[in-house]
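Note sheet for the following structure.
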Amino acid sequence: SLVGSEMCIRDRIYMCIFLILAIYVLSRLVYIMIFQSEKYQAKADELHDREREIKAPRGEIVDRNGVVIATNKTVCTVSVIYSQVTDKEKVIEVLSRELDMSEEKIRKSVEKISVREKIKSNVEKEVGDRIRNYNLDGVKVDEDYKRYYPYDTMASKVLGFTGADNQGIVGLEVEYEEYLEGTKGKILTFTDAKGVELPELAEGRVEGIVGNTLHTSLDVNIQKYAEQAANKALEKKQAKYVSIIVMNPKNGEIYAMVNVPEFNLNTPFELNYETDVSKDSDEYQKLLNKMWRNQCINDTYEPGSTFKIVTATAGLETKVVDVNSVFSCPGFKIVEDRRIRCHKTTGHGTENFVQATMNSCNPVFIEVGLRIGAERYFDYMERLGLLRKTGVDLPGEAGTIIHKIENVGLVELATMSFGQSFQITPLQLLTAASAVINGGNLVTPHFGMYAADSDNNVVKTFDYNVSESVINKETSETMKYILEQVVAEGGGKKGQVEGYRIGGKTATSQKLPRGSGKYIASFIGFAPADDPEVIAMCIIDEPVGIYYGGTIAAPVIQELYLSLIHISEPTRLLSIS
């Protein structure tokens with residue numbers, strides 16, 4: 001009886017264990033089938049679904065008048081699905097021929113065991129259609145989008161371009177990526193457990209969502225005229241490059257920015273000149289990087305005499321000089337142990353400050369700079385934004401290269417006063433000059449105005465910092481008067497436009513090392529001189545032959561302004577006197 005009792009207890013234990021396990025299993029089944037049904041259904045679907053991402057239409061970029069300067073073009077992405085390929089050799093042969101790729105490269109992709117292997121993207125639609133018509137098992141041709149630039153080279157170093165994934169790489173394309181990029185779409189294909197497509201089930205397609213349109217301050221007409229003028233100067237002077245910036249000095253809106261030679265935005269990975277360097281080499285990539293550089297903001301230079309705008313402004317502000325101050329120029333100025341000459345070696349003789357500016361007299365500006373002193377000089381450079389970046393909405397802006405103030409002696413201050421011994425970007429100087437002539441407000445130069453969705457609803461208006469009253473209005477009025485005289489009767493006479501009031505300043509700066517015989521000629525001109533609505537700058541790097549800014553750079557801005565007279569809106573910018 002004792003044995004029977006023990007067996008009975010054991011059976012009951014087994015029964016309890018069985019019931020506990022049964023209850024656990026049943027509860028798990030209920031939990032999985034009811035509360036986790038969506039999760040496991042999705043996992044089951046993954047065994048039979050194949051998703052392929054497709055690019056979304058990228059938002060367009062338009063100029064201030066709504067002219068499209070960057071848009072999209074329908075292209076194709078060709079890929080293969082290993083498990084569905086039935087005639088491997090046929091696939092390799094067709095794709096190699098149609099895509100102009102080596103059979104070896106195609107074979108690696110076709111024989112790679114993967115869910116989906118991309119062969120090539122941004123394939124022209126005509127080519128994609130031909131491949132699709134072969135009806136090759138396992139070959140997928142999906143339509144998506146590629147960036148397209150209707151004007152090819154126009155504003156190439158401003159707009160920038162996109163890569164194979166349709167993301168911005170340089171320029172405005174990358175700066176405004178978050179607004180321009182769309183939401184990717186997808187194609188859904190149904191397969192059996194082996195991954196073979198089920199032909200009786202049609203593909204599903206979820207279209208991508210288009211990105212926002214970027215409205216910019218660029219004006220296509222002004223940009224075209226500026227590029228024409230720059231290319232003409234580039235060819236005539238056989239220069240290294242020519243840059244032009246056209247801007248509204250009152251609010252910083254940039255109407256045009258030119259850096260010739262430009263490059264073709266639709267083929268950005270091809271150099272704009274012939275070379276024997278292999279495209280697969282690091283050296284070729286370095287050449288591409290150099291070609292893509294925007295000299296107006298990525299490179300610094302010694303500004304030379306155009307910087308006398310800053311010295312004159314600081315001198316007037318600190319009251320160490322006024323328009324009636326009288327100087328004598330013997331053709332040089334001795335500072336400590338240095339004899340610094342004037343461009344007119346025989347000297348300008350007796351002259352007042354207005355005449356000295358018209359003559360671009362180095363000894364007078366050295367004297368003004370020394371009167372100001374290093375501390376106050378640096379203060380006004382800071383006020384005019386010359387010791388920091390402008391904040392322009394383009395990537396890669398360079399900063400000022402200058403002595404620390406504690407290392408600035410009399411000689412350094414003397415050379416700085418006429419634009420040597422430090423480096424800034426062209427846009428930094430144009431922005432400072434804008435503050436000088438607009439009444440004293442330091443604006444932020446920019447291109448982006450606002451972003452709008454596909455229904456033209458504004459989703460973001462871009463705001464830019466303005467530092468008000470960095471100089472006095474009285475100083476600004478005086479500087480406008482002086483700079484108008486420079487163009488009317490001084491070294492900037494070749495920047496005149498008949499019937500219009502133009503102010504400006506020329507420069508001829510010698511590149512380092514001194515004595516190399518290489519120069520940069522430049523000119524800044526604004527109009528109308530009494531109430532400027534437009535300011536423009538031209539830089540000619542390493543011109544051959546005559547290299548004086550007043551002789552070769554001023555006429556470029558003159559030609560540009562003459563062209564703008566024929567456009568109704570910019571005519572208002574120049575204003576008839």
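By convention here, the chains of the structure tokens are called A, B, ... in the order presented, each chain's residues are numbered starting at 1, and ligands are numbered starting at 1 in the order presented.
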
*Please provide the set of residues having any atom within 7 Å of stretch 384-400 of chain A, restricted to only C-alpha atoms, with same-chain residues fewer than 5 positions apart removed, written as a PyMOL selection string.*
chain A and resi 171-172+175+297-300+423-425+428+432+435+442+444-447+470

_Per-residue DSSP, stretch 118-291 of chain A, filtered to helix (DSSP H, G or I), as a PyMOL selection string_ = chain A and resi 125-133+156-159+171-175+177-180+220-237+282-291

*If we count only C-alpha atoms, what is near A:Glu181 at a cut-off of 9 Å, once residues fewer than 3 positions away on the same chain are taken out, given as a ChimeraX atom specification?*
/A:56-59,166-168,176-178,184,210-212

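The residue that comes closest to A:Lys473, out of A:Val158, A:Ala507, A:Ile437, A:Ile169 and on the basis of only C-alpha atoms, is A:Ile437.
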
_Proximity to A:Thr357 - best of A:Lys232, A:Lys308, A:Lys125, A:His343, only C-alpha atoms_ =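 For A:Thr357, the nearest of the given residues is A:Lys308.
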
*Name the closest residue to A:Asn456 among the candidates A:Ile69, A:Ile471, A:Leu214, A:Ala488; distances are taken between atoms, counting only C-alpha atoms.*
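Among A:Ile69, A:Ile471, A:Leu214, A:Ala488, it is A:Leu214 that comes nearest to A:Asn456.
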
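If only C-alpha atoms are the atoms counted, then among A:Val368, A:Ile482, A:Ile340, A:Ile106 the closest residue to A:Val321 is A:Val368.
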
_Atomic distance atom CA of A:Gln485 - atom CA of A:Gln355, expressed in Å with one decimal_ =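 That distance, rounded to one decimal, is 8.5 Å.
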
*Given the choices A:Ser509, A:Gln496, A:Thr478, A:Ser516, which gets closest to A:Ser305 if the distance is worked out from only C-alpha atoms?*
A:Ser509

*Give the strand (DSSP E) residues of stretch 97-230 of chain A, as DSSP finds them on the backbone, and put them as a PyMOL selection string.*
chain A and resi 117-124+139-148+185-190+204-206+213-216

*Skip stretch 402-404 of chain A itself and residues of its chain fewer than 3 positions away, then list as a ChimeraX atom specification all residues within 7 Å of it, counting only C-alpha atoms.*
/A:407-408,422-423

_If we count only C-alpha atoms and set the cut-off at 6 Å, which residues sit around A:Val75, ignoring sequence neighbours fewer than 2 positions away in its own chain? Please answer as a PyMOL selection string._
chain A and resi 122-125+143-145

*Looking at only C-alpha atoms, which of A:Leu430, A:Ala374, A:Val80, A:Asp379 is the one that sits closest to A:Ile405?*
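Residue with the minimum atom-to-atom distance to A:Ile405: A:Ala374.
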
*asked:* Show me, as a PyMOL selection string, the residues that have an atom within 12 Å of A:Lys344 when counting only C-alpha atoms, minus same-chain residues fewer than 5 positions from it.
replied: chain A and resi 329-332+349+356+359-363

Keeping only C-alpha atoms, take the residues you just selected and write them out as an mmCIF file, in the first residue's frame.
```cif
data_model
loop_
_atom_site.group_PDB
_atom_site.id
_atom_site.type_symbol
_atom_site.label_atom_id
_atom_site.label_comp_id
_atom_site.auth_asym_id
_atom_site.auth_seq_id
_atom_site.Cartn_x
_atom_site.Cartn_y
_atom_site.Cartn_z
ATOM 1 C CA CYS A 329 53.246 112.699 -51.550
ATOM 2 C CA PRO A 330 56.914 112.623 -52.624
ATOM 3 C CA GLY A 331 56.462 109.177 -54.157
ATOM 4 C CA PHE A 332 57.279 107.156 -51.046
ATOM 5 C CA GLY A 349 52.669 116.299 -54.632
ATOM 6 C CA ALA A 356 44.470 111.099 -52.531
ATOM 7 C CA ASN A 359 44.793 108.892 -56.980
ATOM 8 C CA SER A 360 44.925 105.770 -54.767
ATOM 9 C CA CYS A 361 47.997 107.260 -53.112
ATOM 10 C CA ASN A 362 49.761 104.740 -50.859
ATOM 11 C CA PRO A 363 51.808 107.244 -48.763
#
```

*Skipping near chain neighbours, those fewer than 2 positions away, what residues fall within 8 Å of A:Gly252 using only C-alpha atoms, listed as a ChimeraX atom specification?*
/A:247-250,254,431,443-446

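Take atom CA of A:Pro426 and atom CA of A:Arg514: the distance between them is 20.6 Å.
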
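Put simply, atom CA of A:Ala554 is 17.4 Å away from atom CA of A:Leu427.
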